[in-house]
file work11.cif (mmCIF, C-alpha atoms)
data_coords
#
loop_
_atom_site.group_PDB
_atom_site.id
_atom_site.type_symbol
_atom_site.label_atom_id
_atom_site.label_comp_id
_atom_site.auth_asym_id
_atom_site.auth_seq_id
_atom_site.Cartn_x
_atom_site.Cartn_y
_atom_site.Cartn_z
ATOM 1 C CA MET H 1 41.499 34.659 106.399
ATOM 2 C CA ASP H 2 43.136 34.375 109.789
ATOM 3 C CA HIS H 3 43.812 30.664 109.281
ATOM 4 C CA SER H 4 45.627 31.148 105.984
ATOM 5 C CA HIS H 5 47.570 34.045 107.447
ATOM 6 C CA HIS H 6 48.593 31.795 110.321
ATOM 7 C CA MET H 7 49.601 29.028 107.899
ATOM 8 C CA GLY H 8 51.648 31.481 105.906
ATOM 9 C CA MET H 9 53.471 32.585 109.035
ATOM 10 C CA SER H 10 54.256 29.044 110.147
ATOM 11 C CA THR H 11 55.681 28.065 106.729
ATOM 12 C CA MET H 12 57.852 31.128 106.865
ATOM 13 C CA ASP H 13 58.933 29.957 110.271
ATOM 14 C CA HIS H 14 60.084 26.623 108.904
ATOM 15 C CA ASN H 15 61.922 28.071 105.941
ATOM 16 C CA SER H 16 63.824 30.854 107.546
ATOM 17 C CA THR H 17 66.125 29.527 110.194
ATOM 18 C CA MET H 18 68.012 32.778 110.551
ATOM 19 C CA SER H 19 65.181 34.927 111.841
ATOM 20 C CA PRO H 20 64.418 34.607 115.547
ATOM 21 C CA SER H 21 61.391 32.472 116.193
ATOM 22 C CA HIS H 22 59.858 34.631 118.894
ATOM 23 C CA HIS H 23 59.080 37.382 116.394
ATOM 24 C CA HIS H 24 56.809 35.002 114.505
ATOM 25 C CA THR H 25 55.186 33.555 117.561
ATOM 26 C CA THR H 26 54.317 37.081 118.642
ATOM 27 C CA THR H 27 52.587 38.031 115.427
ATOM 28 C CA SER H 28 50.695 34.748 115.194
ATOM 29 C CA ALA H 29 49.505 34.878 118.780
ATOM 30 C CA SER H 30 45.796 35.211 119.300
ATOM 31 C CA HIS H 31 45.975 38.125 121.734
ATOM 32 C CA SER H 32 47.830 41.093 120.344
ATOM 33 C CA HIS H 33 50.556 43.054 122.015
ATOM 34 C CA ASP H 34 51.495 46.559 120.977
ATOM 35 C CA HIS H 35 55.176 45.794 121.601
ATOM 36 C CA MET H 36 57.399 42.799 121.032
ATOM 37 C CA MET H 37 56.960 40.102 123.679
ATOM 38 C CA MET H 38 60.032 40.046 125.889
ATOM 39 C CA MET H 39 61.954 36.788 126.066
ATOM 40 C CA MET H 40 63.384 37.860 129.395
ATOM 41 C CA PRO H 41 60.853 38.638 132.104
ATOM 42 C CA MET H 42 61.088 42.114 133.597
ATOM 43 C CA THR H 43 58.844 41.557 136.595
ATOM 44 C CA PHE H 44 58.819 38.987 139.362
ATOM 45 C CA TYR H 45 56.888 35.795 138.703
ATOM 46 C CA PHE H 46 56.425 32.435 140.377
ATOM 47 C CA GLY H 47 56.734 29.488 138.029
ATOM 48 C CA PHE H 48 58.786 26.466 137.149
ATOM 49 C CA LYS H 49 58.045 25.926 133.482
ATOM 50 C CA ASN H 50 60.782 26.639 130.989
ATOM 51 C CA VAL H 51 63.094 28.515 133.344
ATOM 52 C CA GLU H 52 66.549 28.978 131.902
ATOM 53 C CA LEU H 53 69.237 29.072 134.528
ATOM 54 C CA LEU H 54 72.620 30.562 133.638
ATOM 55 C CA PHE H 55 73.685 27.992 131.076
ATOM 56 C CA SER H 56 72.106 26.950 127.797
ATOM 57 C CA GLY H 57 71.602 23.324 128.765
ATOM 58 C CA LEU H 58 70.153 24.131 132.174
ATOM 59 C CA VAL H 59 66.393 24.492 131.779
ATOM 60 C CA ILE H 60 63.944 23.854 134.587
ATOM 61 C CA ASN H 61 60.666 22.277 133.514
ATOM 62 C CA THR H 62 59.261 20.426 136.510
ATOM 63 C CA ALA H 63 58.627 21.155 140.157
ATOM 64 C CA GLY H 64 61.248 18.610 141.174
ATOM 65 C CA GLU H 65 63.889 20.320 139.066
ATOM 66 C CA MET H 66 62.890 23.657 140.567
ATOM 67 C CA ALA H 67 63.275 22.211 144.060
ATOM 68 C CA GLY H 68 66.746 20.979 143.149
ATOM 69 C CA ALA H 69 67.644 24.357 141.682
ATOM 70 C CA PHE H 70 66.338 26.051 144.842
ATOM 71 C CA VAL H 71 68.636 23.930 147.005
ATOM 72 C CA ALA H 72 71.613 24.476 144.699
ATOM 73 C CA VAL H 73 71.141 28.267 144.622
ATOM 74 C CA PHE H 74 70.623 28.303 148.397
ATOM 75 C CA LEU H 75 73.910 26.463 148.903
ATOM 76 C CA LEU H 76 75.684 28.731 146.426
ATOM 77 C CA ALA H 77 74.566 31.857 148.307
ATOM 78 C CA MET H 78 75.620 30.260 151.600
ATOM 79 C CA PHE H 79 79.002 29.376 150.127
ATOM 80 C CA TYR H 80 79.424 32.967 148.944
ATOM 81 C CA GLU H 81 78.902 34.352 152.439
ATOM 82 C CA GLY H 82 81.262 31.773 153.881
ATOM 83 C CA LEU H 83 83.881 32.631 151.284
ATOM 84 C CA LYS H 84 83.680 36.306 152.264
ATOM 85 C CA ILE H 85 84.215 35.503 155.935
ATOM 86 C CA ALA H 86 86.988 33.020 155.161
ATOM 87 C CA ARG H 87 88.845 35.593 153.062
ATOM 88 C CA GLU H 88 88.596 38.146 155.856
ATOM 89 C CA SER H 89 89.965 35.748 158.449
ATOM 90 C CA LEU H 90 92.746 34.575 156.129
ATOM 91 C CA LEU H 91 93.729 38.169 155.474
ATOM 92 C CA ARG H 92 93.828 38.920 159.161
ATOM 93 C CA LYS H 93 95.871 35.835 159.921
ATOM 94 C CA SER H 94 98.445 36.564 157.246
ATOM 95 C CA GLN H 95 98.784 40.157 158.360
ATOM 96 C CA VAL H 96 99.303 39.523 162.069
ATOM 97 C CA SER H 97 102.755 38.089 161.545
ATOM 98 C CA ILE H 98 104.154 41.160 159.831
ATOM 99 C CA ARG H 99 102.155 43.747 161.643
ATOM 100 C CA TYR H 100 104.612 45.092 164.177
ATOM 101 C CA ASN H 101 108.287 45.706 163.576
ATOM 102 C CA SER H 102 110.004 47.302 166.527
ATOM 103 C CA MET H 103 113.341 48.947 166.040
ATOM 104 C CA PRO H 104 115.451 51.057 168.344
ATOM 105 C CA VAL H 105 115.930 54.633 167.264
ATOM 106 C CA PRO H 106 117.891 57.343 168.967
ATOM 107 C CA GLY H 107 115.654 59.722 170.873
ATOM 108 C CA PRO H 108 116.188 63.077 172.510
ATOM 109 C CA ASN H 109 118.881 63.400 175.126
ATOM 110 C CA GLY H 110 120.705 60.327 173.871
ATOM 111 C CA THR H 111 118.042 57.863 174.969
ATOM 112 C CA ILE H 112 117.119 54.885 172.880
ATOM 113 C CA LEU H 113 113.481 54.693 171.894
ATOM 114 C CA MET H 114 111.680 51.690 170.501
ATOM 115 C CA GLU H 115 109.879 52.738 167.376
ATOM 116 C CA THR H 116 107.165 50.352 166.305
ATOM 117 C CA HIS H 117 106.325 50.205 162.648
ATOM 118 C CA LYS H 118 102.956 48.858 161.749
ATOM 119 C CA THR H 119 103.010 47.349 158.305
ATOM 120 C CA VAL H 120 99.716 46.030 157.074
ATOM 121 C CA GLY H 121 100.483 44.417 153.796
ATOM 122 C CA GLN H 122 101.637 41.370 151.981
ATOM 123 C CA GLN H 123 104.389 40.659 149.557
ATOM 124 C CA MET H 124 103.144 40.225 146.036
ATOM 125 C CA LEU H 125 104.620 36.796 145.433
ATOM 126 C CA SER H 126 103.825 35.374 148.844
ATOM 127 C CA PHE H 127 101.503 32.412 149.066
ATOM 128 C CA PRO H 128 98.831 34.172 151.165
ATOM 129 C CA HIS H 129 98.494 36.908 148.568
ATOM 130 C CA LEU H 130 98.236 34.434 145.702
ATOM 131 C CA LEU H 131 95.642 32.467 147.643
ATOM 132 C CA GLN H 132 93.700 35.694 148.313
ATOM 133 C CA THR H 133 93.802 36.492 144.604
ATOM 134 C CA VAL H 134 92.449 33.075 143.625
ATOM 135 C CA LEU H 135 89.723 33.342 146.254
ATOM 136 C CA HIS H 136 88.927 36.844 145.011
ATOM 137 C CA ILE H 137 88.399 35.581 141.483
ATOM 138 C CA ILE H 138 86.134 32.818 142.767
ATOM 139 C CA GLN H 139 84.212 35.367 144.851
ATOM 140 C CA VAL H 140 83.733 37.706 141.885
ATOM 141 C CA VAL H 141 82.496 34.869 139.659
ATOM 142 C CA ILE H 142 80.061 33.600 142.291
ATOM 143 C CA SER H 143 78.749 37.101 142.975
ATOM 144 C CA TYR H 144 78.069 37.601 139.262
ATOM 145 C CA PHE H 145 76.354 34.195 139.090
ATOM 146 C CA LEU H 146 74.123 35.177 141.986
ATOM 147 C CA MET H 147 73.329 38.453 140.247
ATOM 148 C CA LEU H 148 72.429 36.615 137.043
ATOM 149 C CA ILE H 149 70.278 34.149 138.993
ATOM 150 C CA PHE H 150 68.438 37.047 140.608
ATOM 151 C CA MET H 151 68.071 38.549 137.154
ATOM 152 C CA THR H 152 65.913 35.612 136.017
ATOM 153 C CA TYR H 153 63.165 37.354 138.043
ATOM 154 C CA ASN H 154 61.964 33.907 139.161
ATOM 155 C CA GLY H 155 60.424 34.259 142.620
ATOM 156 C CA TYR H 156 61.570 30.889 143.908
ATOM 157 C CA LEU H 157 65.187 31.407 142.862
ATOM 158 C CA CYS H 158 65.286 34.958 144.264
ATOM 159 C CA ILE H 159 63.980 33.706 147.594
ATOM 160 C CA ALA H 160 66.661 31.008 147.506
ATOM 161 C CA VAL H 161 69.370 33.647 147.005
ATOM 162 C CA ALA H 162 68.096 35.819 149.849
ATOM 163 C CA ALA H 163 67.560 32.910 152.253
ATOM 164 C CA GLY H 164 70.951 31.418 151.438
ATOM 165 C CA ALA H 165 72.665 34.754 152.017
ATOM 166 C CA GLY H 166 70.898 35.190 155.327
ATOM 167 C CA THR H 167 71.636 31.665 156.530
ATOM 168 C CA GLY H 168 75.250 31.870 155.403
ATOM 169 C CA TYR H 169 75.709 35.197 157.142
ATOM 170 C CA PHE H 170 74.090 33.810 160.300
ATOM 171 C CA LEU H 171 76.208 30.655 160.388
ATOM 172 C CA PHE H 172 79.584 32.002 159.301
ATOM 173 C CA SER H 173 79.535 35.455 160.826
ATOM 174 C CA TRP H 174 78.606 34.069 164.259
ATOM 175 C CA LYS H 175 82.083 32.987 165.179
ATOM 176 C CA LYS H 176 83.697 35.833 163.299
ATOM 177 C CA ALA H 177 81.755 38.456 165.189
ATOM 178 C CA VAL H 178 82.819 36.873 168.451
ATOM 179 C CA VAL H 179 86.461 36.209 167.739
ATOM 180 C CA VAL H 180 87.630 38.873 165.351
ATOM 181 C CA ASP H 181 86.090 41.893 166.978
ATOM 182 C CA ILE H 182 87.514 40.894 170.319
ATOM 183 C CA THR H 183 90.999 41.081 168.869
ATOM 184 C CA GLU H 184 90.166 44.512 167.491
ATOM 185 C CA HIS H 185 89.278 45.729 170.973
ATOM 186 C CA CYS H 186 92.705 44.658 172.195
ATOM 187 C CA HIS H 187 94.557 47.030 169.876
ATOM 188 C CA MET A 188 64.961 44.415 126.004
ATOM 189 C CA ALA A 189 66.621 47.747 125.216
ATOM 190 C CA MET A 190 70.302 47.545 126.008
ATOM 191 C CA HIS A 191 70.954 51.272 126.220
ATOM 192 C CA PHE A 192 69.837 54.071 128.498
ATOM 193 C CA ILE A 193 66.685 55.848 127.398
ATOM 194 C CA PHE A 194 64.749 58.822 128.691
ATOM 195 C CA SER A 195 61.186 57.683 128.996
ATOM 196 C CA ASP A 196 58.121 58.275 131.129
ATOM 197 C CA GLU A 197 57.014 54.661 130.768
ATOM 198 C CA VAL A 198 58.596 51.810 132.631
ATOM 199 C CA VAL A 199 57.629 48.660 134.471
ATOM 200 C CA LEU A 200 59.654 48.252 137.631
ATOM 201 C CA LEU A 201 60.228 44.953 139.417
ATOM 202 C CA PHE A 202 56.597 43.954 139.876
ATOM 203 C CA ASP A 203 53.630 43.594 137.545
ATOM 204 C CA PHE A 204 51.610 46.211 139.374
ATOM 205 C CA TRP A 205 54.376 48.845 139.271
ATOM 206 C CA LYS A 206 53.573 50.318 135.899
ATOM 207 C CA VAL A 207 54.545 53.906 135.234
ATOM 208 C CA HIS A 208 52.807 55.822 132.441
ATOM 209 C CA SER A 209 52.956 59.515 133.315
ATOM 210 C CA PRO A 210 55.516 62.097 134.417
ATOM 211 C CA THR A 211 53.998 62.265 137.909
ATOM 212 C CA GLY A 212 54.166 58.490 138.178
ATOM 213 C CA MET A 213 57.771 58.610 137.045
ATOM 214 C CA ALA A 214 58.623 61.319 139.581
ATOM 215 C CA LEU A 215 57.027 59.250 142.323
ATOM 216 C CA SER A 216 58.895 56.131 141.200
ATOM 217 C CA VAL A 217 62.191 58.001 141.171
ATOM 218 C CA LEU A 218 61.453 59.184 144.712
ATOM 219 C CA VAL A 219 60.695 55.635 145.857
ATOM 220 C CA VAL A 220 63.883 54.305 144.289
ATOM 221 C CA LEU A 221 65.839 57.155 145.863
ATOM 222 C CA LEU A 222 64.479 56.330 149.301
ATOM 223 C CA LEU A 223 65.298 52.669 148.682
ATOM 224 C CA ALA A 224 68.915 53.574 147.971
ATOM 225 C CA VAL A 225 69.059 55.762 151.102
ATOM 226 C CA LEU A 226 67.686 52.840 153.107
ATOM 227 C CA PHE A 227 70.328 50.552 151.614
ATOM 228 C CA GLU A 228 73.189 52.779 152.691
ATOM 229 C CA SER A 229 71.730 53.296 156.160
ATOM 230 C CA ILE A 230 71.324 49.536 156.648
ATOM 231 C CA LYS A 231 75.005 49.087 155.863
ATOM 232 C CA VAL A 232 75.914 51.584 158.575
ATOM 233 C CA GLY A 233 73.244 50.261 160.904
ATOM 234 C CA LYS A 234 74.674 46.748 160.839
ATOM 235 C CA VAL A 235 78.097 47.919 161.976
ATOM 236 C CA ARG A 236 76.686 50.174 164.676
ATOM 237 C CA LEU A 237 74.443 47.398 165.985
ATOM 238 C CA LEU A 238 77.413 45.092 166.246
ATOM 239 C CA HIS A 239 79.469 47.690 168.093
ATOM 240 C CA GLN A 240 76.612 48.438 170.447
ATOM 241 C CA ALA A 241 76.094 44.767 171.205
ATOM 242 C CA LEU A 242 79.773 44.206 171.870
ATOM 243 C CA ALA A 243 79.950 47.305 174.046
ATOM 244 C CA SER A 244 76.916 46.380 176.117
ATOM 245 C CA LEU A 245 78.020 42.813 176.700
ATOM 246 C CA PRO A 246 80.707 42.616 179.379
ATOM 247 C CA ILE A 247 84.087 41.383 178.131
ATOM 248 C CA PRO A 248 84.170 38.150 180.218
ATOM 249 C CA THR A 249 80.969 37.065 178.517
ATOM 250 C CA SER A 250 82.578 37.495 175.123
ATOM 251 C CA GLN A 251 85.505 35.366 176.244
ATOM 252 C CA GLN A 252 83.093 32.722 177.466
ATOM 253 C CA LEU A 253 81.531 32.765 174.027
ATOM 254 C CA ILE A 254 84.971 32.162 172.490
ATOM 255 C CA GLU A 255 85.518 29.205 174.802
ATOM 256 C CA GLU A 256 82.111 27.850 173.977
ATOM 257 C CA THR A 257 82.624 28.062 170.236
ATOM 258 C CA ASP A 258 86.026 26.406 170.565
ATOM 259 C CA GLN A 259 84.571 23.433 172.374
ATOM 260 C CA ASP A 260 82.835 20.560 170.719
ATOM 261 C CA SER A 261 79.659 22.073 169.422
ATOM 262 C CA SER A 262 77.564 18.922 169.365
ATOM 263 C CA ASN A 263 75.546 19.909 172.386
ATOM 264 C CA SER A 264 72.022 20.614 171.266
ATOM 265 C CA ASP A 265 70.759 19.857 174.745
ATOM 266 C CA SER A 266 73.232 22.218 176.351
ATOM 267 C CA PRO A 267 72.814 23.633 179.842
ATOM 268 C CA PRO A 268 70.386 26.526 180.086
ATOM 269 C CA VAL A 269 71.678 29.570 178.241
ATOM 270 C CA SER A 270 72.432 32.566 180.378
ATOM 271 C CA ARG A 271 70.660 35.829 179.673
ATOM 272 C CA SER A 272 73.648 37.441 177.968
ATOM 273 C CA HIS A 273 74.114 34.454 175.640
ATOM 274 C CA LEU A 274 70.470 34.723 174.674
ATOM 275 C CA ARG A 275 70.901 38.432 174.109
ATOM 276 C CA TRP A 276 73.888 37.741 171.873
ATOM 277 C CA PHE A 277 71.912 35.139 169.938
ATOM 278 C CA LEU A 278 68.996 37.528 169.439
ATOM 279 C CA CYS A 279 71.359 40.297 168.419
ATOM 280 C CA HIS A 280 73.056 38.060 165.862
ATOM 281 C CA PHE A 281 69.709 36.820 164.566
ATOM 282 C CA GLY A 282 68.607 40.426 164.159
ATOM 283 C CA GLN A 283 71.857 41.146 162.332
ATOM 284 C CA SER A 284 71.174 38.250 159.969
ATOM 285 C CA LEU A 285 67.687 39.579 159.196
ATOM 286 C CA LEU A 286 69.216 42.979 158.542
ATOM 287 C CA HIS A 287 71.721 41.302 156.233
ATOM 288 C CA VAL A 288 68.943 39.566 154.281
ATOM 289 C CA THR A 289 67.149 42.911 153.913
ATOM 290 C CA GLN A 290 70.380 44.490 152.698
ATOM 291 C CA VAL A 291 70.941 41.741 150.123
ATOM 292 C CA VAL A 292 67.376 41.926 148.815
ATOM 293 C CA ILE A 293 67.358 45.733 148.576
ATOM 294 C CA GLY A 294 70.727 45.631 146.838
ATOM 295 C CA TYR A 295 69.362 43.237 144.228
ATOM 296 C CA PHE A 296 66.196 45.318 143.810
ATOM 297 C CA MET A 297 68.356 48.365 143.098
ATOM 298 C CA MET A 298 70.350 46.367 140.549
ATOM 299 C CA LEU A 299 67.141 45.274 138.828
ATOM 300 C CA ALA A 300 65.815 48.843 138.868
ATOM 301 C CA VAL A 301 68.957 50.060 137.100
ATOM 302 C CA MET A 302 68.551 47.140 134.682
ATOM 303 C CA SER A 303 65.338 48.714 133.435
ATOM 304 C CA TYR A 304 67.718 51.037 131.570
ATOM 305 C CA ASN A 305 65.499 54.018 132.345
ATOM 306 C CA THR A 306 67.744 57.026 132.871
ATOM 307 C CA TRP A 307 65.499 58.734 135.436
ATOM 308 C CA ILE A 308 65.433 55.617 137.596
ATOM 309 C CA PHE A 309 69.211 55.334 137.262
ATOM 310 C CA PHE A 310 69.612 58.924 138.440
ATOM 311 C CA GLY A 311 67.317 58.147 141.349
ATOM 312 C CA VAL A 312 69.428 55.177 142.407
ATOM 313 C CA VAL A 313 72.719 57.050 142.102
ATOM 314 C CA LEU A 314 71.415 60.152 143.881
ATOM 315 C CA GLY A 315 69.847 58.047 146.601
ATOM 316 C CA SER A 316 73.137 56.216 147.162
ATOM 317 C CA GLY A 317 74.926 59.540 147.436
ATOM 318 C CA VAL A 318 72.407 61.060 149.812
ATOM 319 C CA GLY A 319 72.290 57.869 151.865
ATOM 320 C CA TYR A 320 76.071 57.745 152.147
ATOM 321 C CA TYR A 321 76.190 61.423 153.046
ATOM 322 C CA LEU A 322 73.618 61.034 155.799
ATOM 323 C CA ALA A 323 74.609 57.658 157.206
ATOM 324 C CA TYR A 324 78.389 57.330 157.178
ATOM 325 C CA PRO A 325 79.139 60.120 159.682
ATOM 326 C CA LEU A 326 77.051 58.097 162.118
ATOM 327 C CA LEU A 327 79.574 55.270 161.735
ATOM 328 C CA SER A 328 82.331 57.023 163.643
ATOM 329 C CA MET A 329 79.934 58.522 166.137
ATOM 330 C CA THR A 330 80.157 56.797 169.510
#

call {"tool": "encode", "arguments": {"input": "work11.cif", "output": "structure tokens"}}
result
Amino acid sequence: MDHSHHMGMSTMDHNSTMSPSHHHTTTSASHSHDHMMMMMPMTFYFGFKNVELLFSGLVINTAGEMAGAFVAVFLLAMFYEGLKIARESLLRKSQVSIRYNSMPVPGPNGTILMETHKTVGQQMLSFPHLLQTVLHIIQVVISYFLMLIFMTYNGYLCIAVAAGAGTGYFLFSWKKAVVVDITEHCH
Amino acid sequence: MAMHFIFSDEVVLLFDFWKVHSPTGMALSVLVVLLLAVLFESIKVGKVRLLHQALASLPIPTSQQLIEETDQDSSNSDSPPVSRSHLRWFLCHFGQSLLHVTQVVIGYFMMLAVMSYNTWIFFGVVLGSGVGYYLAYPLLSMT
């Protein structure tokens, strides 16, 4: 009985290309589930078989491929942290030049006072602002990629994201913490 | 996977062993997620305060020495023995990096918790973020 039922299901599988295949694999599985088997894992797991990564052609099937993906994700997370620090330093550099405008204004009793205007902003069509915008787009895309990678719930890839973020923060924020905050103390 | 918010007392959160079946289990899970969100906000404030404390405790000449050191050719792995304040700065920055990793991981855990599309959990995350911000951010401007 079970065998014919299984055969019936598999022929249906071949004929109907429109229906999703995982429905049929669920019902013909030997151990029964009370709900539909999820294609996307919802809990953390450690494995390297049939791991889809971001794009449809990118599937990890061997340990070597997983190691390569680990390194790539690690470098991506490091690059993301570096991009954040680079954007901050670029913003600070482009703002220093137009920060203080001093102009003489008449004060009380006929004296001339120097009024210092602090403008912290950029012109919209200036090159630094356009560069910041391009870098912002890149940062948003990379942050969403990292979120999607973490969403695969694969333990190795999640560890790669966390380790890459930590290493990137450690390497890039080292100099920033020393240099930039010193200038802040001077103000 | 359900792609809309649902009110349910059953959810599996993050790990295989975190299965919720009952209202009490759900209440406990919401509390845990709330505390996680509070921790997340406090870590954000804690990082900034730690940095300020480290910079305040280190004397200014040492910081300038650090600038000179980082500007020089940094190919000296066998450098002269590090002074105590340099070591302190290194340890402080290493601690900051560990705090950053914790912040990143907790942030992703919160994102995955919201991704369960369970409305109670979502409320827990949002409320926890609010409570955490309320409690932690005044400490930012405190000297």

call {"tool": "closest_residue", "arguments": {"input": "work11.cif", "among": "A:Val288, A:Leu299, A:Met213, A:Val313", "to": "Lys234 (chain A)", "atoms": "all atoms listed in the file"}}
result
A:Val288

call {"tool": "closest_residue", "arguments": {"input": "work11.cif", "among": "A:Arg271, A:Pro210, A:Leu314, A:Tyr324", "to": "Leu223 (chain A)", "atoms": "only C-alpha atoms"}}
result
A:Leu314

call {"tool": "resolve_selection", "arguments": {"input": "work11.cif", "expression": "the PyMOL selection byres ((chain A) within 6 of (chain H))", "output": "PyMOL selection string"}}
result
chain A and resi 201-203+284+288

call {"tool": "resolve_selection", "arguments": {"input": "work11.cif", "expression": "the PyMOL selection byres ((chain H and resi 86-91) around 8)", "output": "PyMOL selection string"}}
result
chain H and resi 82-85+92-95+128+132+135+176+180

call {"tool": "closest_residue", "arguments": {"input": "work11.cif", "among": "H:Gly47, H:Asn61, H:Pro108, H:Leu113", "to": "Leu157 (chain H)", "atoms": "all atoms listed in the file"}}
result
H:Gly47

call {"tool": "residues_around", "arguments": {"input": "work11.cif", "residues": "Ser303 (chain A)", "least_positions_apart": "4", "cutoff": "10 Å", "atoms": "all atoms listed in the file", "output": "list in words"}}
result
Met42 of chain H; Met188, Ala189, Met190, His191, Phe192, Ile193, Val198, Val199, Leu200, Leu201, Met298, Leu299, Ile308 and Phe309 of chain A

call {"tool": "atom_distance", "arguments": {"input": "work11.cif", "atom1": "CA of Ile293 (chain A)", "atom2": "CA of Glu228 (chain A)"}}
result
10.0 Å

call {"tool": "closest_residue", "arguments": {"input": "work11.cif", "among": "A:Ser272, A:Phe281, A:His239, A:Glu197", "to": "Ser216 (chain A)", "atoms": "all atoms listed in the file"}}
result
A:Glu197

call {"tool": "closest_residue", "arguments": {"input": "work11.cif", "among": "A:Gln290, A:Ser229, A:Asn305, A:Gln283", "to": "Leu327 (chain A)", "atoms": "all atoms listed in the file"}}
result
A:Ser229

call {"tool": "closest_residue", "arguments": {"input": "work11.cif", "among": "H:Ile142, H:Leu131, H:Leu125, H:Val71", "to": "Ala160 (chain H)", "atoms": "all atoms listed in the file"}}
result
H:Val71

call {"tool": "atom_distance", "arguments": {"input": "work11.cif", "atom1": "CA of Gly155 (chain H)", "atom2": "CA of Phe46 (chain H)"}}
result
4.9 Å

call {"tool": "atom_distance", "arguments": {"input": "work11.cif", "atom1": "CA of Val217 (chain A)", "atom2": "CA of Thr289 (chain A)"}}
result
20.4 Å
